[in-house]
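Step one of this worksheet: look at the structure below.
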Number of protein chains: 2
Amino acid sequence: MSEDLIERIQSEVQFNEQGLVPAIAQQHDTGEVLMMAWMNADAIHETIEKQQVCYWSRSRNALWRKGETSGNTQKLMELRIDCDGDTLLLRVDQTGPACHTNRPNCFFKAVRGGKIEIISTPIA
Amino acid sequence: MSEDLIERIQSEVQFNEQGLVPAIAQQHDTGEVLMMAWMNADAIHETIEKQQVCYWSRSRNALWRKGETSGNTQKLMELRIDCDGDTLLLRVDQTGPACHTNRPNCFFKAVRGGKIEIISTPIA
């Protein structure tokens, strides 16, 4: 990927006051929404360059190479930018569980039948 | 829906300093990611109560009843909360295009073949 393309992508993005943009990760073939995290310009740069998803960790204030320690990486299949440039959609191929709770995705608390239900279990 | 359930949902959510939480809307049957917008406690209350999605407009600083003027409403099929409580996933049934550009979804700028490509057209 050329530096030029990366610069064009970054210039399409409306970063917030903290220099961040929300990024939704979606499994490319099933459509499953895996997680939402944040990226800064450097995270976008690295993600495009390596085609492996890298976020910005707001708690650690550092680049967060998804799966670097767990092995649960996200291979980038396609990056999409929304109409206003203020949200990214990462079409990925997820290895292992996406969630730090070891569940396939982070959205496992569902409002069903008048209560909040846990709808998935951690992968052993 | 009981007030009690709505209070429990609100208490599971980690609102940011502006009292907002990002909400991803996904077409419930196809998995298509439609858009991302923001909710406050009142928007969650109304969405659960009416089962029609209501966001918080950061530009207008007011409740944003999705589709109120355009007719492109989002019927709530299921609300999910993520592991950290800081993102919502709205499983919806979208009427008409979700995007204000009249496209089916907001994520129509895709990085493909070394350039940013527009991958959908407005619905006539």
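Letters A, B, ... go to the chains of the structure tokens in the order shown; residues in each chain start at 1; ligands are counted from 1 in the same order.
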Run DSSP on the backbone and give me the residues of chain A it puts in alpha helix (DSSP H), as a list in words.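 These are the residues in question: Glu3, Asp4, Leu5, Ile6, Glu7, Arg8, Ile9, Gln10, Ser11, Glu12, Ala41, Asp42, Ala43, Ile44, His45, Glu46, Thr47, Ile48, Glu49 and Lys50 of chain A.
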Lay chain B over chain A using all C-alpha atoms, matched one to one in order, with a least-squares fit; then write it out as a short mmCIF file (atom, residue, chain, number, x, y, z; two decimals) with N, CA and C atoms, in the first residue's frame.
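Heads up, here's the output in superposed05.cif:
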```
data_model
loop_
_atom_site.label_atom_id
_atom_site.label_comp_id
_atom_site.auth_asym_id
_atom_site.auth_seq_id
_atom_site.Cartn_x
_atom_site.Cartn_y
_atom_site.Cartn_z
N MET B 1 0.86 -1.20 0.02
CA MET B 1 0.01 0.00 0.00
C MET B 1 0.89 1.25 -0.02
N SER B 2 0.50 2.20 -0.83
CA SER B 2 1.31 3.41 -0.92
C SER B 2 1.00 4.37 0.21
N GLU B 3 2.00 5.16 0.58
CA GLU B 3 1.83 6.22 1.58
C GLU B 3 0.74 7.19 1.11
N ASP B 4 0.70 7.39 -0.18
CA ASP B 4 -0.27 8.30 -0.78
C ASP B 4 -1.71 7.86 -0.47
N LEU B 5 -1.98 6.55 -0.64
CA LEU B 5 -3.32 6.02 -0.34
C LEU B 5 -3.64 6.20 1.15
N ILE B 6 -2.68 5.90 1.99
CA ILE B 6 -2.90 6.02 3.43
C ILE B 6 -3.22 7.47 3.79
N GLU B 7 -2.51 8.40 3.18
CA GLU B 7 -2.80 9.83 3.43
C GLU B 7 -4.20 10.21 2.96
N ARG B 8 -4.61 9.65 1.82
CA ARG B 8 -5.95 9.97 1.33
C ARG B 8 -7.03 9.42 2.27
N ILE B 9 -6.79 8.21 2.79
CA ILE B 9 -7.75 7.62 3.75
C ILE B 9 -7.82 8.51 4.99
N GLN B 10 -6.65 8.84 5.53
CA GLN B 10 -6.62 9.67 6.74
C GLN B 10 -7.32 11.01 6.52
N SER B 11 -7.19 11.57 5.31
CA SER B 11 -7.80 12.88 5.06
C SER B 11 -9.32 12.78 4.88
N GLU B 12 -9.82 11.58 4.58
CA GLU B 12 -11.28 11.37 4.48
C GLU B 12 -11.92 11.25 5.86
N VAL B 13 -11.08 10.98 6.87
CA VAL B 13 -11.60 10.68 8.20
C VAL B 13 -11.70 11.96 9.05
N GLN B 14 -12.84 12.10 9.72
CA GLN B 14 -13.03 13.20 10.66
C GLN B 14 -12.69 12.68 12.05
N PHE B 15 -11.49 12.93 12.50
CA PHE B 15 -11.09 12.51 13.84
C PHE B 15 -11.74 13.43 14.88
N ASN B 16 -12.04 12.88 16.05
CA ASN B 16 -12.62 13.72 17.12
C ASN B 16 -11.53 14.56 17.79
N GLU B 17 -11.89 15.27 18.86
CA GLU B 17 -10.94 16.18 19.51
C GLU B 17 -9.75 15.43 20.09
N GLN B 18 -9.94 14.12 20.35
CA GLN B 18 -8.81 13.32 20.84
C GLN B 18 -8.01 12.69 19.69
N GLY B 19 -8.39 13.04 18.46
CA GLY B 19 -7.68 12.48 17.31
C GLY B 19 -8.06 11.03 17.03
N LEU B 20 -9.28 10.65 17.46
CA LEU B 20 -9.71 9.25 17.33
C LEU B 20 -10.98 9.14 16.48
N VAL B 21 -11.17 7.95 15.94
CA VAL B 21 -12.38 7.65 15.18
C VAL B 21 -12.86 6.24 15.58
N PRO B 22 -14.17 6.05 15.80
CA PRO B 22 -14.64 4.71 16.14
C PRO B 22 -14.56 3.77 14.94
N ALA B 23 -14.18 2.52 15.21
CA ALA B 23 -14.05 1.52 14.15
C ALA B 23 -14.82 0.26 14.56
N ILE B 24 -15.76 -0.12 13.72
CA ILE B 24 -16.57 -1.32 13.95
C ILE B 24 -15.90 -2.47 13.21
N ALA B 25 -15.66 -3.58 13.91
CA ALA B 25 -15.10 -4.76 13.24
C ALA B 25 -16.23 -5.75 12.95
N GLN B 26 -16.33 -6.16 11.69
CA GLN B 26 -17.37 -7.09 11.25
C GLN B 26 -16.72 -8.27 10.54
N GLN B 27 -17.10 -9.48 10.92
CA GLN B 27 -16.60 -10.67 10.23
C GLN B 27 -17.09 -10.59 8.77
N HIS B 28 -16.15 -10.63 7.84
CA HIS B 28 -16.46 -10.30 6.45
C HIS B 28 -17.42 -11.27 5.77
N ASP B 29 -17.40 -12.54 6.17
CA ASP B 29 -18.23 -13.51 5.43
C ASP B 29 -19.58 -13.80 6.10
N THR B 30 -19.65 -13.67 7.42
CA THR B 30 -20.91 -13.97 8.12
C THR B 30 -21.71 -12.71 8.46
N GLY B 31 -21.05 -11.56 8.46
CA GLY B 31 -21.72 -10.32 8.84
C GLY B 31 -21.78 -10.08 10.33
N GLU B 32 -21.27 -11.00 11.12
CA GLU B 32 -21.27 -10.85 12.58
C GLU B 32 -20.52 -9.58 13.01
N VAL B 33 -21.18 -8.76 13.82
CA VAL B 33 -20.49 -7.59 14.37
C VAL B 33 -19.69 -8.06 15.58
N LEU B 34 -18.38 -7.89 15.52
CA LEU B 34 -17.48 -8.47 16.51
C LEU B 34 -17.22 -7.55 17.70
N MET B 35 -16.94 -6.28 17.40
CA MET B 35 -16.54 -5.35 18.46
C MET B 35 -16.49 -3.94 17.90
N MET B 36 -16.33 -2.99 18.80
CA MET B 36 -16.10 -1.61 18.38
C MET B 36 -14.92 -1.11 19.19
N ALA B 37 -13.97 -0.45 18.53
CA ALA B 37 -12.84 0.13 19.24
C ALA B 37 -12.46 1.43 18.52
N TRP B 38 -11.35 2.01 18.90
CA TRP B 38 -10.98 3.33 18.37
C TRP B 38 -9.65 3.27 17.62
N MET B 39 -9.52 4.14 16.63
CA MET B 39 -8.28 4.24 15.87
C MET B 39 -7.83 5.70 15.83
N ASN B 40 -6.53 5.89 15.80
CA ASN B 40 -6.00 7.22 15.46
C ASN B 40 -5.32 7.10 14.09
N ALA B 41 -4.70 8.17 13.64
CA ALA B 41 -4.10 8.16 12.30
C ALA B 41 -3.02 7.08 12.19
N ASP B 42 -2.23 6.91 13.25
CA ASP B 42 -1.17 5.88 13.22
C ASP B 42 -1.75 4.46 13.15
N ALA B 43 -2.84 4.23 13.87
CA ALA B 43 -3.48 2.90 13.85
C ALA B 43 -4.00 2.60 12.45
N ILE B 44 -4.58 3.61 11.80
CA ILE B 44 -5.05 3.42 10.42
C ILE B 44 -3.86 3.11 9.51
N HIS B 45 -2.79 3.85 9.69
CA HIS B 45 -1.58 3.66 8.88
C HIS B 45 -1.10 2.22 9.00
N GLU B 46 -0.93 1.75 10.24
CA GLU B 46 -0.41 0.39 10.45
C GLU B 46 -1.38 -0.67 9.94
N THR B 47 -2.67 -0.45 10.16
CA THR B 47 -3.68 -1.42 9.72
C THR B 47 -3.67 -1.59 8.20
N ILE B 48 -3.57 -0.48 7.49
CA ILE B 48 -3.55 -0.55 6.03
C ILE B 48 -2.23 -1.17 5.55
N GLU B 49 -1.16 -0.77 6.18
CA GLU B 49 0.15 -1.23 5.75
C GLU B 49 0.32 -2.73 5.95
N LYS B 50 -0.09 -3.22 7.15
CA LYS B 50 0.13 -4.64 7.48
C LYS B 50 -1.08 -5.50 7.16
N GLN B 51 -2.24 -4.87 6.88
CA GLN B 51 -3.49 -5.61 6.64
C GLN B 51 -3.86 -6.49 7.83
N GLN B 52 -3.45 -6.05 9.00
CA GLN B 52 -3.82 -6.65 10.28
C GLN B 52 -4.31 -5.50 11.14
N VAL B 53 -5.44 -5.70 11.81
CA VAL B 53 -6.06 -4.57 12.50
C VAL B 53 -5.28 -4.16 13.75
N CYS B 54 -5.03 -2.87 13.82
CA CYS B 54 -4.37 -2.23 14.96
C CYS B 54 -5.25 -1.06 15.40
N TYR B 55 -5.66 -1.08 16.69
CA TYR B 55 -6.48 0.00 17.23
C TYR B 55 -5.61 0.94 18.05
N TRP B 56 -6.27 1.95 18.64
CA TRP B 56 -5.64 2.80 19.64
C TRP B 56 -6.31 2.48 20.97
N SER B 57 -5.54 2.07 21.95
CA SER B 57 -6.08 1.79 23.28
C SER B 57 -6.18 3.09 24.06
N ARG B 58 -7.40 3.46 24.41
CA ARG B 58 -7.61 4.69 25.18
C ARG B 58 -7.18 4.50 26.63
N SER B 59 -7.23 3.25 27.14
CA SER B 59 -6.83 3.02 28.53
C SER B 59 -5.31 2.99 28.65
N ARG B 60 -4.65 2.38 27.67
CA ARG B 60 -3.20 2.27 27.74
C ARG B 60 -2.49 3.43 27.03
N ASN B 61 -3.29 4.20 26.25
CA ASN B 61 -2.73 5.32 25.51
C ASN B 61 -1.58 4.87 24.59
N ALA B 62 -1.86 3.81 23.86
CA ALA B 62 -0.83 3.22 22.99
C ALA B 62 -1.50 2.45 21.87
N LEU B 63 -0.75 2.19 20.82
CA LEU B 63 -1.26 1.35 19.74
C LEU B 63 -1.60 -0.02 20.32
N TRP B 64 -2.70 -0.59 19.82
CA TRP B 64 -3.19 -1.88 20.33
C TRP B 64 -3.28 -2.82 19.13
N ARG B 65 -2.23 -3.62 18.99
CA ARG B 65 -2.19 -4.57 17.88
C ARG B 65 -3.05 -5.77 18.27
N LYS B 66 -4.27 -5.74 17.80
CA LYS B 66 -5.28 -6.75 18.19
C LYS B 66 -4.74 -8.16 18.00
N GLY B 67 -4.71 -8.92 19.11
CA GLY B 67 -4.29 -10.32 19.04
C GLY B 67 -2.80 -10.51 19.23
N GLU B 68 -2.06 -9.42 19.47
CA GLU B 68 -0.60 -9.55 19.59
C GLU B 68 -0.20 -10.50 20.70
N THR B 69 -0.93 -10.43 21.84
CA THR B 69 -0.60 -11.37 22.93
C THR B 69 -1.52 -12.60 22.91
N SER B 70 -2.79 -12.41 22.58
CA SER B 70 -3.76 -13.52 22.62
C SER B 70 -3.71 -14.40 21.37
N GLY B 71 -3.19 -13.86 20.27
CA GLY B 71 -3.23 -14.59 19.00
C GLY B 71 -4.54 -14.40 18.26
N ASN B 72 -5.50 -13.72 18.89
CA ASN B 72 -6.82 -13.53 18.27
C ASN B 72 -6.81 -12.30 17.36
N THR B 73 -6.10 -12.46 16.26
CA THR B 73 -5.87 -11.36 15.33
C THR B 73 -7.06 -11.14 14.41
N GLN B 74 -7.05 -9.97 13.78
CA GLN B 74 -8.07 -9.63 12.78
C GLN B 74 -7.36 -9.26 11.48
N LYS B 75 -7.48 -10.13 10.49
CA LYS B 75 -6.92 -9.83 9.18
C LYS B 75 -7.86 -8.87 8.47
N LEU B 76 -7.34 -7.78 7.97
CA LEU B 76 -8.18 -6.79 7.29
C LEU B 76 -8.54 -7.28 5.89
N MET B 77 -9.84 -7.40 5.62
CA MET B 77 -10.29 -7.78 4.29
C MET B 77 -10.65 -6.52 3.49
N GLU B 78 -11.29 -5.57 4.17
CA GLU B 78 -11.62 -4.30 3.51
C GLU B 78 -11.90 -3.24 4.56
N LEU B 79 -11.41 -2.03 4.32
CA LEU B 79 -11.73 -0.90 5.19
C LEU B 79 -12.75 -0.02 4.48
N ARG B 80 -13.81 0.33 5.20
CA ARG B 80 -14.82 1.23 4.64
C ARG B 80 -14.98 2.46 5.53
N ILE B 81 -15.29 3.58 4.92
CA ILE B 81 -15.47 4.85 5.62
C ILE B 81 -16.92 5.27 5.42
N ASP B 82 -17.55 5.84 6.45
CA ASP B 82 -18.96 6.19 6.29
C ASP B 82 -19.13 7.57 5.65
N CYS B 83 -20.38 7.91 5.37
CA CYS B 83 -20.75 9.13 4.64
C CYS B 83 -20.12 10.38 5.22
N ASP B 84 -20.09 10.47 6.55
CA ASP B 84 -19.56 11.67 7.20
C ASP B 84 -18.08 11.54 7.53
N GLY B 85 -17.51 10.37 7.27
CA GLY B 85 -16.10 10.14 7.58
C GLY B 85 -15.81 10.03 9.06
N ASP B 86 -16.87 9.87 9.88
CA ASP B 86 -16.62 9.82 11.31
C ASP B 86 -16.79 8.44 11.94
N THR B 87 -16.93 7.42 11.11
CA THR B 87 -16.93 6.03 11.60
C THR B 87 -16.30 5.14 10.53
N LEU B 88 -15.53 4.15 10.97
CA LEU B 88 -14.94 3.18 10.05
C LEU B 88 -15.62 1.83 10.24
N LEU B 89 -15.73 1.09 9.15
CA LEU B 89 -16.18 -0.30 9.20
C LEU B 89 -15.02 -1.16 8.70
N LEU B 90 -14.54 -2.03 9.58
CA LEU B 90 -13.44 -2.92 9.22
C LEU B 90 -14.03 -4.28 8.91
N ARG B 91 -13.95 -4.68 7.66
CA ARG B 91 -14.38 -6.03 7.29
C ARG B 91 -13.15 -6.91 7.50
N VAL B 92 -13.27 -7.85 8.44
CA VAL B 92 -12.09 -8.60 8.89
C VAL B 92 -12.33 -10.10 8.82
N ASP B 93 -11.21 -10.82 8.94
CA ASP B 93 -11.28 -12.26 9.17
C ASP B 93 -10.69 -12.49 10.56
N GLN B 94 -11.59 -12.80 11.50
CA GLN B 94 -11.21 -12.94 12.90
C GLN B 94 -10.63 -14.32 13.17
N THR B 95 -9.49 -14.38 13.84
CA THR B 95 -8.96 -15.65 14.36
C THR B 95 -9.35 -15.76 15.82
N GLY B 96 -10.02 -16.86 16.20
CA GLY B 96 -10.41 -17.06 17.60
C GLY B 96 -11.49 -16.08 18.03
N PRO B 97 -11.73 -15.99 19.35
CA PRO B 97 -12.75 -15.08 19.84
C PRO B 97 -12.30 -13.63 19.72
N ALA B 98 -13.24 -12.73 19.42
CA ALA B 98 -12.90 -11.31 19.30
C ALA B 98 -12.88 -10.63 20.67
N CYS B 99 -13.69 -11.15 21.60
CA CYS B 99 -13.89 -10.47 22.89
C CYS B 99 -12.86 -10.92 23.93
N HIS B 100 -12.47 -10.00 24.81
CA HIS B 100 -11.50 -10.33 25.86
C HIS B 100 -12.10 -11.32 26.88
N THR B 101 -13.43 -11.52 26.84
CA THR B 101 -14.07 -12.53 27.71
C THR B 101 -14.01 -13.91 27.06
N ASN B 102 -13.35 -14.00 25.93
CA ASN B 102 -13.22 -15.24 25.15
C ASN B 102 -14.50 -15.63 24.42
N ARG B 103 -15.43 -14.70 24.32
CA ARG B 103 -16.64 -14.94 23.54
C ARG B 103 -16.39 -14.53 22.09
N PRO B 104 -17.15 -15.11 21.16
CA PRO B 104 -16.94 -14.81 19.74
C PRO B 104 -17.02 -13.32 19.42
N ASN B 105 -17.98 -12.62 20.07
CA ASN B 105 -18.05 -11.18 19.87
C ASN B 105 -18.41 -10.52 21.21
N CYS B 106 -18.29 -9.19 21.23
CA CYS B 106 -18.46 -8.44 22.49
C CYS B 106 -19.91 -8.16 22.85
N PHE B 107 -20.84 -8.41 21.93
CA PHE B 107 -22.23 -7.98 22.15
C PHE B 107 -23.08 -9.15 22.66
N PHE B 108 -22.78 -9.61 23.86
CA PHE B 108 -23.43 -10.82 24.36
C PHE B 108 -24.47 -10.55 25.45
N LYS B 109 -24.76 -9.28 25.72
CA LYS B 109 -25.84 -8.96 26.66
C LYS B 109 -27.03 -8.45 25.84
N ALA B 110 -28.08 -9.27 25.75
CA ALA B 110 -29.22 -8.93 24.91
C ALA B 110 -30.45 -8.69 25.76
N VAL B 111 -31.21 -7.67 25.40
CA VAL B 111 -32.48 -7.41 26.07
C VAL B 111 -33.53 -8.32 25.43
N ARG B 112 -33.92 -9.33 26.18
CA ARG B 112 -34.89 -10.32 25.68
C ARG B 112 -35.88 -10.65 26.78
N GLY B 113 -37.16 -10.70 26.40
CA GLY B 113 -38.18 -11.13 27.34
C GLY B 113 -38.18 -10.33 28.63
N GLY B 114 -37.96 -9.02 28.50
CA GLY B 114 -38.04 -8.16 29.67
C GLY B 114 -36.85 -8.22 30.60
N LYS B 115 -35.76 -8.89 30.13
CA LYS B 115 -34.56 -8.86 30.97
C LYS B 115 -33.28 -8.84 30.13
N ILE B 116 -32.15 -8.63 30.80
CA ILE B 116 -30.87 -8.63 30.09
C ILE B 116 -30.29 -10.04 30.20
N GLU B 117 -30.16 -10.67 29.04
CA GLU B 117 -29.73 -12.08 28.99
C GLU B 117 -28.32 -12.20 28.42
N ILE B 118 -27.52 -13.10 28.96
CA ILE B 118 -26.19 -13.40 28.39
C ILE B 118 -26.41 -14.46 27.32
N ILE B 119 -26.10 -14.11 26.06
CA ILE B 119 -26.49 -14.99 24.95
C ILE B 119 -25.33 -15.79 24.35
N SER B 120 -24.13 -15.68 24.91
CA SER B 120 -23.06 -16.56 24.42
C SER B 120 -22.15 -16.93 25.57
N THR B 121 -21.39 -17.99 25.38
CA THR B 121 -20.51 -18.48 26.44
C THR B 121 -19.05 -18.39 25.97
N PRO B 122 -18.14 -18.25 26.90
CA PRO B 122 -16.72 -18.20 26.52
C PRO B 122 -16.30 -19.49 25.82
N ILE B 123 -15.45 -19.34 24.83
CA ILE B 123 -14.90 -20.51 24.13
C ILE B 123 -13.81 -21.12 25.02
N ALA B 124 -13.90 -22.43 25.21
CA ALA B 124 -12.97 -23.10 26.15
C ALA B 124 -11.52 -22.99 25.67
#
```
Those in range 39-101 of chain A with strand (DSSP E) from DSSP, as number ranges by chain: A: 39, 54-57, 62-65, 74-81, 88-94
